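The structure appears right after this line, and notes come after that.
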Amino acid sequence: MSEPSKEDELAGTEQPFVQHLMELRDRLLYSLYGVLIGVGLLMFWPGPDGLIDFIALPIKEHMPPGAKLIAVGVFSPFFVPLKVLMMVAVLLALPWIMYQIWAFVAPGLYSHEKKFALPLIMFGSLLAYAGIAFVQFFVLGNMFKFIQHFTPASVAATPDIASYVEAILSLYIAFAAAFQVPIVVMLLVRFGLVEIEKLKAFRGYFVVLAFVIAAVITPPDVISQLALALPMCLLYEIGILGAGWFSRVSRAPDAEEGTGTEVEKSTDGH
């Protein structure tokens with residue numbers, strides 16, 4: 001948080017704890033309503049079958065002609081499409097959910113912080129979408145192509161739909177989280193937890209850290225590990241470039257005036 005001005009604009013705006021709980025309850029309900037609306041829209045189009053067909057495209061392209069994913073579990077044909085439907089509904093409602101988070105914390109922010117909090121949250125949502133799209137349209141296809149090279153000719157590659165959904169869901173979450181690197185870097189610099197020069201010096205260590213994280217949270221294949229580690233390194237550089245600009249434009253007006261006054265005083269002293 002920035003230092004408050006002489007006349008603190010947040011003074012007297014404190015709310016009782018019970019009122020905070022009621023506000024949190026309302027925001028959670030609004031988020032749930034957004035997800036339910038997303039479920040209704042997706043039930044109408046493209047429907048559970050259409051969603052399953054879409055997320056199965058990367059693996060079906062590398063299966064024998066006419067082959068289908070199988071459902072081993074007794075209840076898998078019902079629960080797996082429902083799980084996919086809920087997952088996509090949450091993704092569809094993500095900007096709305098992020099807005100509810102912002103609306104909950106906004107009363108505790110200064111006016112200059114509110115101006116940049118919402119764009120930052122929306123930018124984080126877009127980065128999450130970019131990470132998921134990267135998985136769907138690039139990572140999965142190349143990963144399954146790589147795996148097929150090691151599949152014996154006597155083995156029929158007919159994966160279970162439940163295990164397939166679990167695998168890609170973990171990848172969606174991993175890449176959506178990893179693509180938040182620029183947001184994390186900019187906030188670390190903005191709140192004075194680390195300096196940009198130290199982030200630049202840490203660059204080599206971050207490359208090693210990115211490959212370690214990719215090796216832990218992705219399947220044991222080179223394609224998916226490289227596909228996660230390399231974008232993380234690129235996003236780290238983007239975060240460093242954006243950190244200086246974000247810290248400058250989100251500074252409190254009184255802090256900027258104070259800095260200017262100090263510069264003038266030092267100039268007069270000379």
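Following the order of the structure tokens, first chain is A, next is B, and so on, with residues numbered from 1 inside each chain and ligands from 1 in the order they appear.
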### Task
Per DSSP on the backbone, filter stretch 24-196 of chain A down to the residues in helix (DSSP H, G or I) and report them as an MDAnalysis selection string.
chainID A and resid 24:44 47:60 76:92 94:108 111:148 161:178 181:190 196
### Query
What's the 10 Å shell around stretch 41-51 of chain A, counting only C-alpha atoms, without same-chain residues fewer than 3 positions away, as number ranges by chain?
A: 35-38, 54-56, 78, 80-86, 88-89, 92
Prev. selection, N, CA, C and O atoms, output as a short mmCIF file (atom, residue, chain, number, x, y, z; two decimals), in the first residue's frame:
```
data_model
loop_
_atom_site.label_atom_id
_atom_site.label_comp_id
_atom_site.auth_asym_id
_atom_site.auth_seq_id
_atom_site.Cartn_x
_atom_site.Cartn_y
_atom_site.Cartn_z
N VAL A 35 -21.20 -17.97 -12.57
CA VAL A 35 -20.87 -19.33 -13.01
C VAL A 35 -22.12 -20.07 -13.48
O VAL A 35 -22.11 -20.76 -14.50
N LEU A 36 -23.22 -19.91 -12.74
CA LEU A 36 -24.47 -20.58 -13.11
C LEU A 36 -25.00 -20.06 -14.44
O LEU A 36 -25.53 -20.83 -15.25
N ILE A 37 -24.87 -18.76 -14.69
CA ILE A 37 -25.26 -18.21 -15.98
C ILE A 37 -24.40 -18.81 -17.09
O ILE A 37 -24.89 -19.17 -18.17
N GLY A 38 -23.10 -18.95 -16.80
CA GLY A 38 -22.21 -19.58 -17.77
C GLY A 38 -22.61 -21.02 -18.05
O GLY A 38 -22.57 -21.47 -19.20
N PHE A 54 -14.50 -30.78 -28.29
CA PHE A 54 -13.51 -29.72 -28.49
C PHE A 54 -12.22 -30.01 -27.72
O PHE A 54 -11.13 -29.92 -28.27
N ILE A 55 -12.35 -30.35 -26.44
CA ILE A 55 -11.13 -30.57 -25.64
C ILE A 55 -10.45 -31.88 -26.03
O ILE A 55 -9.27 -32.08 -25.72
N ALA A 56 -11.18 -32.78 -26.71
CA ALA A 56 -10.59 -34.05 -27.13
C ALA A 56 -9.89 -33.95 -28.48
O ALA A 56 -9.20 -34.91 -28.88
N PHE A 78 -21.48 -39.64 -17.23
CA PHE A 78 -22.31 -38.55 -16.70
C PHE A 78 -21.46 -37.47 -16.04
O PHE A 78 -21.62 -36.28 -16.30
N VAL A 80 -18.07 -36.84 -16.07
CA VAL A 80 -16.98 -36.18 -16.81
C VAL A 80 -17.50 -35.02 -17.65
O VAL A 80 -16.96 -33.90 -17.57
N PRO A 81 -18.56 -35.18 -18.46
CA PRO A 81 -19.09 -34.01 -19.18
C PRO A 81 -19.56 -32.90 -18.24
O PRO A 81 -19.39 -31.72 -18.54
N LEU A 82 -20.14 -33.29 -17.09
CA LEU A 82 -20.57 -32.29 -16.12
C LEU A 82 -19.38 -31.52 -15.55
O LEU A 82 -19.43 -30.29 -15.38
N LYS A 83 -18.30 -32.24 -15.28
CA LYS A 83 -17.08 -31.60 -14.76
C LYS A 83 -16.50 -30.63 -15.79
O LYS A 83 -16.08 -29.52 -15.43
N VAL A 84 -16.46 -31.05 -17.04
CA VAL A 84 -15.95 -30.18 -18.10
C VAL A 84 -16.84 -28.95 -18.24
O VAL A 84 -16.35 -27.82 -18.41
N LEU A 85 -18.15 -29.14 -18.16
CA LEU A 85 -19.08 -28.03 -18.27
C LEU A 85 -18.84 -27.00 -17.16
O LEU A 85 -18.81 -25.79 -17.42
N MET A 86 -18.66 -27.46 -15.93
CA MET A 86 -18.41 -26.56 -14.81
C MET A 86 -17.07 -25.85 -14.97
O MET A 86 -16.94 -24.65 -14.68
N VAL A 88 -15.43 -25.09 -17.76
CA VAL A 88 -15.50 -24.06 -18.80
C VAL A 88 -16.37 -22.89 -18.32
O VAL A 88 -16.09 -21.73 -18.65
N ALA A 89 -17.42 -23.17 -17.54
CA ALA A 89 -18.27 -22.10 -17.02
C ALA A 89 -17.48 -21.18 -16.09
O ALA A 89 -17.65 -19.96 -16.12
N LEU A 92 -15.33 -19.07 -18.25
CA LEU A 92 -16.15 -18.06 -18.94
C LEU A 92 -16.48 -16.91 -18.00
O LEU A 92 -16.52 -15.74 -18.42
#
```
## Note on the structure
Of A:Ala178, A:Leu234, A:Leu199, A:Ala243, the one nearest to A:Ile213 when counting only C-alpha atoms is A:Ala178
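Straight-line separation from atom CA of A:His20 to atom CA of A:Leu188: 26.8 Å.
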### Message
Report, in Å to a single decimal, how far apart atom CA of A:Ser224 and atom CA of A:Leu57 are.
### Response
17.1 Å
So that I can see what lies close to A:Pro159, please list as a PDB file with N, CA and C atoms, in the first residue's frame the residues with an atom at most 9 Å from it, counting only C-alpha atoms and leaving out residues fewer than 2 positions away in the same chain.
```
ATOM      1  N   LYS A  68     -12.021 -43.935 -30.445  1.00  0.00           N
ATOM      2  CA  LYS A  68     -12.684 -43.009 -29.539  1.00  0.00           C
ATOM      3  C   LYS A  68     -12.090 -43.143 -28.139  1.00  0.00           C
ATOM      4  N   LEU A  69     -12.242 -42.076 -27.357  1.00  0.00           N
ATOM      5  CA  LEU A  69     -11.899 -42.158 -25.947  1.00  0.00           C
ATOM      6  C   LEU A  69     -12.895 -43.084 -25.248  1.00  0.00           C
ATOM      7  N   ILE A  70     -12.437 -43.786 -24.235  1.00  0.00           N
ATOM      8  CA  ILE A  70     -13.311 -44.735 -23.553  1.00  0.00           C
ATOM      9  C   ILE A  70     -13.649 -44.215 -22.158  1.00  0.00           C
ATOM     10  N   ALA A  71     -14.750 -44.714 -21.608  1.00  0.00           N
ATOM     11  CA  ALA A  71     -15.179 -44.379 -20.254  1.00  0.00           C
ATOM     12  C   ALA A  71     -15.123 -45.652 -19.418  1.00  0.00           C
ATOM     13  N   ALA A 156      -2.944 -50.370 -28.400  1.00  0.00           N
ATOM     14  CA  ALA A 156      -3.976 -49.478 -28.923  1.00  0.00           C
ATOM     15  C   ALA A 156      -4.093 -48.272 -28.001  1.00  0.00           C
ATOM     16  N   ALA A 157      -3.844 -47.078 -28.540  1.00  0.00           N
ATOM     17  CA  ALA A 157      -3.905 -45.852 -27.749  1.00  0.00           C
ATOM     18  C   ALA A 157      -5.352 -45.374 -27.648  1.00  0.00           C
ATOM     19  N   ILE A 161     -11.456 -41.249 -20.725  1.00  0.00           N
ATOM     20  CA  ILE A 161     -11.857 -39.854 -20.778  1.00  0.00           C
ATOM     21  C   ILE A 161     -11.655 -39.169 -19.427  1.00  0.00           C
ATOM     22  N   ALA A 162     -11.879 -39.899 -18.335  1.00  0.00           N
ATOM     23  CA  ALA A 162     -11.723 -39.299 -17.001  1.00  0.00           C
ATOM     24  C   ALA A 162     -10.265 -38.935 -16.734  1.00  0.00           C
ATOM     25  N   SER A 163      -9.340 -39.839 -17.052  1.00  0.00           N
ATOM     26  CA  SER A 163      -7.916 -39.547 -16.829  1.00  0.00           C
ATOM     27  C   SER A 163      -7.435 -38.463 -17.778  1.00  0.00           C
ATOM     28  N   TYR A 164      -7.980 -38.431 -18.989  1.00  0.00           N
ATOM     29  CA  TYR A 164      -7.604 -37.395 -19.948  1.00  0.00           C
ATOM     30  C   TYR A 164      -8.025 -36.016 -19.448  1.00  0.00           C
TER      31      TYR A 164
END
```
### Message
Please determine, counting only C-alpha atoms, which residue among A:Leu32, A:Ile121, A:Val216, A:Ile59 has the shortest atom-to-atom distance to A:Ala93.
### Response
A:Leu32
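Coordinates place atom CA of A:Gly192 at a distance of 28.0 Å from atom CA of A:Ala214.
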### Task
Can you work out which one of A:Tyr33, A:Gly239, A:Met87, A:Gly108 has the shortest atom-to-atom distance to A:Pro182, counting only C-alpha atoms?
A:Gly239
Taking only C-alpha atoms into account, produce a table as a tab-separated table in which each residue of stretch 3-120 of chain A with an atom at most 9 Å from an atom of stretch 143-146 of chain A appears once, together with its shortest atom pair and the distance in Å to one decimal, ordered by chain and rising number.
```
residue	atom	partner	partner_atom	distance
A:Pro58	CA	A:Phe144	CA	7.6
A:Ile59	CA	A:Phe144	CA	6.2
A:Glu61	CA	A:Lys145	CA	8.8
A:His62	CA	A:Lys145	CA	6.3
```
